[in-house]
Structure formats: C-alpha cells, structure tokens
>>> print(open('target38.txt').read())   # compact mmCIF, C-alpha atoms and all ligand atoms
# COMPACT_ATOMS: atom_id res chain seq x y z
CA MET A 5 0.26 -60.47 112.99
CA ILE A 6 1.86 -63.90 113.17
CA MET A 7 2.22 -65.74 109.86
CA ASN A 8 3.56 -69.19 109.07
CA ARG A 9 7.22 -69.20 108.19
CA SER A 10 6.34 -70.93 104.92
CA SER A 11 3.64 -68.46 103.92
CA ALA A 12 4.20 -65.43 101.70
CA SER A 13 4.65 -62.21 103.64
CA LEU A 14 1.72 -59.90 104.28
CA ARG A 15 3.43 -57.30 102.09
CA ASP A 16 3.32 -59.72 99.13
CA LYS A 17 -0.27 -60.72 99.80
CA LEU A 18 -1.42 -57.10 99.88
CA GLY A 19 -0.55 -56.58 96.18
CA VAL A 20 -4.23 -56.64 95.21
CA TYR A 21 -6.60 -56.34 98.16
CA LEU A 22 -10.33 -56.84 97.60
CA VAL A 23 -12.77 -54.72 99.63
CA THR A 24 -16.31 -55.90 98.95
CA ALA A 25 -19.06 -53.76 97.41
CA GLU A 26 -22.32 -53.10 99.23
CA PRO A 27 -24.78 -54.58 99.84
CA ALA A 28 -23.23 -57.82 101.10
CA ASP A 29 -25.30 -60.88 100.23
CA ASP A 30 -24.89 -64.43 98.90
CA SER A 31 -23.42 -63.09 95.65
CA THR A 32 -20.61 -61.58 97.74
CA VAL A 33 -19.25 -65.05 98.49
CA GLU A 34 -19.24 -65.97 94.80
CA LEU A 35 -17.54 -62.68 93.92
CA ILE A 36 -14.84 -63.20 96.56
CA MET A 37 -14.16 -66.76 95.39
CA ALA A 38 -13.79 -65.48 91.81
CA ALA A 39 -11.36 -62.75 92.91
CA VAL A 40 -9.35 -65.31 94.87
CA SER A 41 -9.20 -67.56 91.81
CA GLY A 42 -7.72 -64.53 90.01
CA GLY A 43 -4.99 -64.23 92.66
CA VAL A 44 -6.38 -61.99 95.45
CA ARG A 45 -4.96 -62.99 98.86
CA VAL A 46 -6.46 -60.34 101.19
CA VAL A 47 -10.22 -59.77 101.42
CA GLN A 48 -12.20 -57.28 103.51
CA LEU A 49 -15.93 -57.75 104.05
CA ARG A 50 -17.25 -54.15 104.01
CA ASP A 51 -20.93 -54.12 104.83
CA LYS A 52 -21.83 -50.80 106.42
CA ASN A 53 -25.59 -51.44 106.57
CA GLY A 54 -25.88 -55.03 107.73
CA THR A 55 -26.02 -56.26 111.31
CA THR A 56 -23.21 -57.89 113.25
CA ALA A 57 -25.14 -61.17 113.12
CA GLU A 58 -25.33 -60.98 109.30
CA ARG A 59 -21.64 -60.18 109.05
CA VAL A 60 -20.76 -63.05 111.39
CA ALA A 61 -22.77 -65.50 109.25
CA LEU A 62 -21.03 -64.34 106.06
CA LEU A 63 -17.59 -64.41 107.69
CA ARG A 64 -18.17 -68.00 108.85
CA THR A 65 -19.22 -69.05 105.34
CA LEU A 66 -16.16 -67.36 103.91
CA GLN A 67 -13.83 -68.96 106.43
CA ASP A 68 -15.20 -72.37 105.45
CA GLN A 69 -14.66 -71.75 101.74
CA LEU A 70 -11.51 -69.68 101.45
CA PRO A 71 -8.09 -71.32 101.10
CA PRO A 72 -6.12 -70.95 104.35
CA GLU A 73 -3.56 -68.58 102.84
CA VAL A 74 -6.22 -65.91 102.23
CA ILE A 75 -6.38 -63.22 104.92
CA LEU A 76 -9.96 -62.28 105.81
CA LEU A 77 -10.87 -59.01 107.53
CA VAL A 78 -14.10 -57.27 108.40
CA ASN A 79 -14.59 -53.54 108.12
CA ASP A 80 -15.21 -51.64 111.39
CA ASP A 81 -16.99 -54.43 113.30
CA LEU A 82 -14.78 -55.58 116.18
CA ALA A 83 -17.64 -57.60 117.70
CA ALA A 84 -17.96 -59.63 114.48
CA ALA A 85 -14.23 -60.36 114.49
CA VAL A 86 -14.37 -61.40 118.15
CA ALA A 87 -17.14 -63.86 117.20
CA VAL A 88 -15.16 -65.40 114.33
CA PRO A 89 -11.63 -66.20 115.51
CA GLY A 90 -9.00 -65.63 112.85
CA VAL A 91 -10.81 -62.72 111.21
CA GLY A 92 -8.98 -59.39 111.26
CA VAL A 93 -10.38 -55.84 111.28
CA HIS A 94 -9.84 -52.72 109.20
CA VAL A 95 -10.53 -49.51 111.10
CA GLY A 96 -10.30 -45.82 110.32
CA PRO A 97 -9.90 -42.73 112.48
CA ASP A 98 -13.63 -42.69 113.36
CA ASP A 99 -13.66 -46.35 114.48
CA ASP A 100 -12.24 -48.32 117.40
CA HIS A 101 -8.59 -47.48 117.95
CA PRO A 102 -6.16 -50.07 116.47
CA ALA A 103 -4.54 -50.56 119.89
CA GLU A 104 -7.93 -51.46 121.38
CA VAL A 105 -8.61 -53.81 118.44
CA ARG A 106 -5.23 -55.46 119.01
CA ARG A 107 -5.92 -55.78 122.74
CA ARG A 108 -9.22 -57.53 122.04
CA LEU A 109 -8.09 -59.78 119.17
CA GLY A 110 -4.51 -60.62 120.08
CA ASP A 111 -1.44 -60.94 117.89
CA ARG A 112 -2.58 -63.60 115.46
CA VAL A 113 -4.95 -61.57 113.29
CA CYS A 114 -4.41 -58.83 110.75
CA ILE A 115 -5.30 -55.24 111.67
CA GLY A 116 -5.38 -52.39 109.15
CA TRP A 117 -5.72 -48.66 109.74
CA SER A 118 -6.79 -45.95 107.27
CA ILE A 119 -4.74 -42.81 107.03
CA HIS A 120 -6.68 -39.83 105.71
CA ASP A 121 -4.33 -37.19 106.98
CA LEU A 122 -0.59 -37.21 107.59
CA ASP A 123 -1.20 -35.81 111.11
CA GLN A 124 -2.42 -39.29 112.07
CA LEU A 125 1.23 -40.39 111.95
CA ARG A 126 1.70 -38.78 115.37
CA ASP A 127 -0.38 -41.63 116.80
CA LYS A 128 2.48 -44.04 117.39
CA SER A 129 0.37 -46.57 119.29
CA ALA A 130 -2.00 -46.87 116.31
CA LEU A 131 0.93 -47.48 113.97
CA ALA A 132 2.45 -50.01 116.37
CA ALA A 133 -0.84 -51.93 116.58
CA SER A 134 -1.39 -52.03 112.79
CA ASP A 135 -0.12 -54.68 110.38
CA TYR A 136 -0.62 -52.36 107.41
CA VAL A 137 -1.95 -48.89 106.73
CA ALA A 138 -4.07 -47.58 103.86
CA ALA A 139 -3.66 -44.23 102.13
CA SER A 140 -7.29 -43.22 101.84
CA PRO A 141 -8.43 -42.07 99.36
CA VAL A 142 -5.82 -41.82 96.64
CA TRP A 143 -8.39 -40.51 94.16
CA PRO A 144 -12.04 -39.48 94.57
CA THR A 145 -14.49 -42.34 94.23
CA PRO A 146 -18.26 -42.69 94.05
CA THR A 147 -17.93 -45.84 96.20
CA LYS A 148 -17.24 -43.75 99.32
CA ILE A 149 -18.26 -40.13 99.22
CA ASP A 150 -17.61 -39.22 102.89
CA THR A 151 -13.85 -39.03 102.41
CA THR A 152 -11.30 -36.34 103.09
CA ALA A 153 -9.38 -34.73 100.21
CA PRO A 154 -7.68 -37.25 97.92
CA LEU A 155 -3.99 -37.77 98.67
CA GLY A 156 -2.98 -38.52 95.08
CA PRO A 157 0.21 -40.43 94.25
CA GLU A 158 2.20 -37.53 95.75
CA GLY A 159 0.44 -38.02 99.11
CA VAL A 160 1.20 -41.75 98.92
CA ARG A 161 4.86 -40.90 98.33
CA ARG A 162 4.97 -38.52 101.33
CA LEU A 163 3.20 -41.05 103.51
CA ARG A 164 5.61 -43.83 102.52
CA ALA A 165 8.57 -41.62 103.41
CA MET A 166 7.15 -40.88 106.87
CA LEU A 167 6.07 -44.42 107.81
CA PRO A 168 8.23 -47.03 109.53
CA PRO A 169 9.89 -48.80 106.55
CA ALA A 170 8.66 -52.24 107.67
CA LEU A 171 5.00 -51.22 107.80
CA PRO A 172 3.17 -52.22 104.59
CA LEU A 173 1.15 -49.54 102.79
CA VAL A 174 -1.75 -49.89 100.36
CA GLY A 175 -3.60 -47.22 98.42
CA ILE A 176 -7.40 -47.15 98.10
CA GLY A 177 -9.91 -45.02 96.21
CA GLY A 178 -10.51 -44.78 92.48
CA ILE A 179 -7.86 -47.37 91.64
CA HIS A 180 -8.06 -49.56 88.53
CA ALA A 181 -5.67 -51.36 86.20
CA GLY A 182 -4.99 -48.12 84.32
CA ASN A 183 -3.67 -46.18 87.33
CA ALA A 184 -2.61 -48.85 89.86
CA GLY A 185 1.00 -48.74 88.60
CA SER A 186 1.39 -45.10 89.69
CA VAL A 187 0.29 -45.99 93.25
CA ILE A 188 2.96 -48.70 93.43
CA GLU A 189 5.55 -46.39 91.86
CA ALA A 190 4.76 -43.89 94.64
CA GLY A 191 5.80 -46.49 97.20
CA ALA A 192 2.66 -48.48 98.04
CA ASP A 193 2.96 -52.24 98.41
CA GLY A 194 -0.50 -52.86 97.05
CA VAL A 195 -3.82 -51.49 95.90
CA ALA A 196 -7.14 -52.02 97.64
CA VAL A 197 -10.11 -51.91 95.29
CA VAL A 198 -13.88 -52.22 95.33
CA SER A 199 -15.26 -51.39 91.87
CA ALA A 200 -12.30 -52.50 89.79
CA ILE A 201 -13.11 -56.08 90.79
CA CYS A 202 -16.71 -56.03 92.08
CA ALA A 203 -18.15 -54.13 89.09
CA ALA A 204 -16.14 -56.07 86.50
CA ALA A 205 -17.91 -58.46 84.15
CA ASP A 206 -15.11 -60.93 84.87
CA PRO A 207 -13.93 -60.42 88.50
CA ALA A 208 -11.30 -63.19 88.29
CA GLY A 209 -9.84 -61.66 85.12
CA ALA A 210 -9.95 -58.15 86.63
CA ALA A 211 -8.07 -59.38 89.71
CA ALA A 212 -5.47 -61.11 87.52
CA ASP A 213 -5.04 -57.96 85.38
CA LEU A 214 -4.52 -55.82 88.48
CA LEU A 215 -2.03 -58.33 89.86
CA SER A 216 0.07 -58.21 86.73
CA VAL A 217 0.08 -54.39 86.73
CA VAL A 218 1.13 -54.37 90.40
CA ALA A 219 3.81 -57.02 89.82
CA ALA A 220 5.24 -55.12 86.85
CA ALA A 221 5.32 -51.80 88.76
CA THR A 222 6.85 -53.47 91.83
CA ALA A 223 9.57 -55.06 89.67
CA THR A 224 10.38 -51.72 88.01
CA ARG A 225 10.68 -50.01 91.39
CA SER A 226 13.05 -52.48 93.00
C1 LIG A 301 -8.13 -51.11 102.84
C2 LIG A 301 -9.03 -50.04 103.32
N1 LIG A 301 -8.59 -48.78 103.36
C3 LIG A 301 -9.38 -47.79 103.79
C4 LIG A 301 -10.68 -48.06 104.20
C5 LIG A 301 -11.57 -46.98 104.71
O1 LIG A 301 -11.79 -47.13 106.12
P1 LIG A 301 -12.59 -45.99 106.90
O2 LIG A 301 -11.88 -44.72 106.70
O3 LIG A 301 -12.80 -46.44 108.27
O4 LIG A 301 -13.96 -45.92 106.11
P2 LIG A 301 -15.09 -47.05 105.98
O5 LIG A 301 -14.58 -48.10 105.06
O6 LIG A 301 -15.34 -47.60 107.35
O7 LIG A 301 -16.26 -46.35 105.40
C6 LIG A 301 -11.10 -49.38 104.14
N2 LIG A 301 -12.34 -49.73 104.51
N3 LIG A 301 -10.28 -50.36 103.70
C1 LIG A 302 -13.64 -48.07 101.33
C2 LIG A 302 -12.91 -46.91 100.80
N1 LIG A 302 -12.11 -46.16 101.60
C3 LIG A 302 -11.53 -45.16 100.97
S1 LIG A 302 -11.98 -45.05 99.36
C4 LIG A 302 -12.96 -46.45 99.52
C5 LIG A 302 -13.76 -47.02 98.41
C6 LIG A 302 -12.90 -47.50 97.29
O1 LIG A 302 -13.74 -47.94 96.27
P1 LIG A 302 -13.30 -47.98 94.73
O2 LIG A 302 -12.20 -48.95 94.62
O3 LIG A 302 -14.55 -48.44 94.03
O4 LIG A 302 -12.90 -46.59 94.36
MG MG A 303 -14.26 -47.52 109.13
>>> encode(input="target38.txt", output="structure tokens", more="lines below")
Ligand SMILES: Cc1ncc(COP(=O)(O)OP(=O)(O)O)c(N)n1
Ligand SMILES: Cc1ncsc1CCOP(=O)(O)O
Ligand SMILES: [Mg+2]
Amino acid sequence: MIMNRSSASLRDKLGVYLVTAEPADDSTVELIMAAVSGGVRVVQLRDKNGTTAERVALLRTLQDQLPPEVILLVNDDLAAAVAVPGVGVHVGPDDDHPAEVRRRLGDRVCIGWSIHDLDQLRDKSALAASDYVAASPVWPTPTKIDTTAPLGPEGVRRLRAMLPPALPLVGIGGIHAGNAGSVIEAGADGVAVVSAICAAADPAGAAADLLSVVAAATATRS
C-alpha cells in the first residue's frame, strides 16, 4: 500500500482499528465519525448481510465524510471496493485470495488478511499481497461465533515471531481496554475491535481509552 511520505505509517494507524457492528445502517456513519474523533485511523465496514449496492452507498458516504488520513476498508466484498476507488479490503481464508484482491485493486489500497491458523503462513503469496495480518480470534467473542480456536496472547506471540518483521499485525476477538495491553505486549501493533467501541455508551471515549492503553503498552515494549 502506498502512503504519503508525510502521513503516519500504517503500523501506527493500526493501533486501534474499528470493525463495525452489524447491521450496518445510517447510525454506522455516526458511530464511525465518533470513533474517529476519539483517534481511530483505520475503519472496516463489516456488513455480512447487506448487498454490494448498500455497502457501496455507505462506503461513498464515508469517503465523503472521513478525514483523508483515515484508511477505509470493506470486509469480504471485492466488488464493492472496485466500485469505490481508494477503499481497501479485509479478507480471510474463506474469501478471495489476497493476491487476487491485490491484482484487482492495485498497490494504492490497504489489504488485510486474517490468520486463524499458523499453517496459513506457508502461503507466501498471501503474505506478500497483504499490508497487515490479523490474529483471529485472540479470545472467544459473541460477535463472531464461526471462528476457529482462540489463539490467545501466546498464539499472537508465536505468530509475530513467524511473520516477516515488517508486516504489521493486529489482534481481534474479545479485546477491550482491560486486555488490549496483553495483545500489544505479545507483539501485535494494534487491536481491532467491534464491541469495545460499537457497544460503548461513549464510542469516542472508548476509542480514546483503547488508544491510551495501546500507546502505553507499545511504549513499555520498545
Ligand atoms: C481486522 C479483522 N480481522 C479479522 C477479521 C475476520 O475476517 P474473516 O475471518 O474473513 O471473517 P469475517 O469477518 O468475514 O466474518 C476481520 N473481519 N477483520
Ligand atoms: C470480525 C471478527 N473476526 C474475528 S473475531 C471478530 C469479531 C470481533 O468482535 P469483538 O471485538 O466484539 O469481540
Ligand atoms: Mg471474511
């Protein structure tokens, strides 16, 4: 992914990554803007039940409203990203292959890939096509019940050790301000969350709290 020389690196932006709760609707835009006001710089629209047309409409609204430094991705839907230039895609092992996503979208957008199982690391072309990977899930979560066994912080640590050092890593699944520090201590660059921001009474405050936990854990580590 190409970024402006003046912009913060993707690794820095991934500190707190918002993945939206379902269903996606008009309140999703408001929620995202609140999270961004709290410091979130990477946002994924995750709307498993909508149509591509609905996702495209929401992505266009978001692109109009978000500050340019915010990285916007859509979950799974390559066709939606093709329709809205600049939008990236997050895919998992059951989705389009990251190399195919890269071929279709080019070098200028952000592509993320979920790792559920360390065996996926044999897929060098997927790693080469990805701008970041996600350890998924770190803990069990009611937000996504069709997951493989949780990796835990120990799995995050093993994954970090096996990945190319320059490839950013986030953890996802059951993460909140009380446990995010242990994910960073295990070697992740950031935490991706749904409920910790979307279900909070104050999403901007929840994002800011998570950011300070991540910043403190990152500072301790380095
Ligand atoms: C940041 C991030 N990490 C992991 C996932 C999960 O992707 P996937 O395994 O493809 O599952 P679905 O989200 O498609 O149900 C994610 N979406 N985002
Ligand atoms: C999309 C996704 N992929 C792995 S776990 C998960 C859901 C994370 O949701 P929460 O942050 O509410 O646990
Ligand atoms: Mg997917």
>>> residues_around(input="target38.txt", residues="region 51-58 of chain A", least_positions_apart="6", cutoff="9 Å", atoms="only C-alpha atoms", output="mmCIF file with C-alpha atoms, keeping the file's coordinate frame")
data_model
loop_
_atom_site.group_PDB
_atom_site.id
_atom_site.type_symbol
_atom_site.label_atom_id
_atom_site.label_comp_id
_atom_site.auth_asym_id
_atom_site.auth_seq_id
_atom_site.Cartn_x
_atom_site.Cartn_y
_atom_site.Cartn_z
ATOM 1 C CA THR A 24 -16.310 -55.900 98.950
ATOM 2 C CA ALA A 25 -19.060 -53.760 97.410
ATOM 3 C CA GLU A 26 -22.320 -53.100 99.230
ATOM 4 C CA PRO A 27 -24.780 -54.580 99.840
ATOM 5 C CA ALA A 28 -23.230 -57.820 101.100
ATOM 6 C CA VAL A 78 -14.100 -57.270 108.400
ATOM 7 C CA ASN A 79 -14.590 -53.540 108.120
ATOM 8 C CA ASP A 80 -15.210 -51.640 111.390
ATOM 9 C CA ASP A 81 -16.990 -54.430 113.300
ATOM 10 C CA ALA A 83 -17.640 -57.600 117.700
ATOM 11 C CA ALA A 84 -17.960 -59.630 114.480
#
>>> residues_near_ligand(input="target38.txt", ligand="ligand LIG 301 (chain A)", cutoff="8 Å", atoms="only C-alpha atoms and all ligand atoms", output="number ranges by chain")
A: 21, 23, 48, 50, 52, 79-80, 94-99, 116-120, 137-141, 148, 150-151, 174-176, 196-197
>>> write_last_selection(input="target38.txt", atoms="C-alpha atoms", output="short mmCIF file (atom, residue, chain, number, x, y, z; two decimals), in the frame of the given file")
data_model
loop_
_atom_site.label_atom_id
_atom_site.label_comp_id
_atom_site.auth_asym_id
_atom_site.auth_seq_id
_atom_site.Cartn_x
_atom_site.Cartn_y
_atom_site.Cartn_z
CA TYR A 21 -6.60 -56.34 98.16
CA VAL A 23 -12.77 -54.72 99.63
CA GLN A 48 -12.20 -57.28 103.51
CA ARG A 50 -17.25 -54.15 104.01
CA LYS A 52 -21.83 -50.80 106.42
CA ASN A 79 -14.59 -53.54 108.12
CA ASP A 80 -15.21 -51.64 111.39
CA HIS A 94 -9.84 -52.72 109.20
CA VAL A 95 -10.53 -49.51 111.10
CA GLY A 96 -10.30 -45.82 110.32
CA PRO A 97 -9.90 -42.73 112.48
CA ASP A 98 -13.63 -42.69 113.36
CA ASP A 99 -13.66 -46.35 114.48
CA GLY A 116 -5.38 -52.39 109.15
CA TRP A 117 -5.72 -48.66 109.74
CA SER A 118 -6.79 -45.95 107.27
CA ILE A 119 -4.74 -42.81 107.03
CA HIS A 120 -6.68 -39.83 105.71
CA VAL A 137 -1.95 -48.89 106.73
CA ALA A 138 -4.07 -47.58 103.86
CA ALA A 139 -3.66 -44.23 102.13
CA SER A 140 -7.29 -43.22 101.84
CA PRO A 141 -8.43 -42.07 99.36
CA LYS A 148 -17.24 -43.75 99.32
CA ASP A 150 -17.61 -39.22 102.89
CA THR A 151 -13.85 -39.03 102.41
CA VAL A 174 -1.75 -49.89 100.36
CA GLY A 175 -3.60 -47.22 98.42
CA ILE A 176 -7.40 -47.15 98.10
CA ALA A 196 -7.14 -52.02 97.64
CA VAL A 197 -10.11 -51.91 95.29
#
>>> atom_distance(input="target38.txt", atom1="CA of Gly209 (chain A)", atom2="CA of Ala39 (chain A)")
8.0 Å
>>> atom_distance(input="target38.txt", atom1="CA of Leu214 (chain A)", atom2="CA of Val160 (chain A)")
18.4 Å
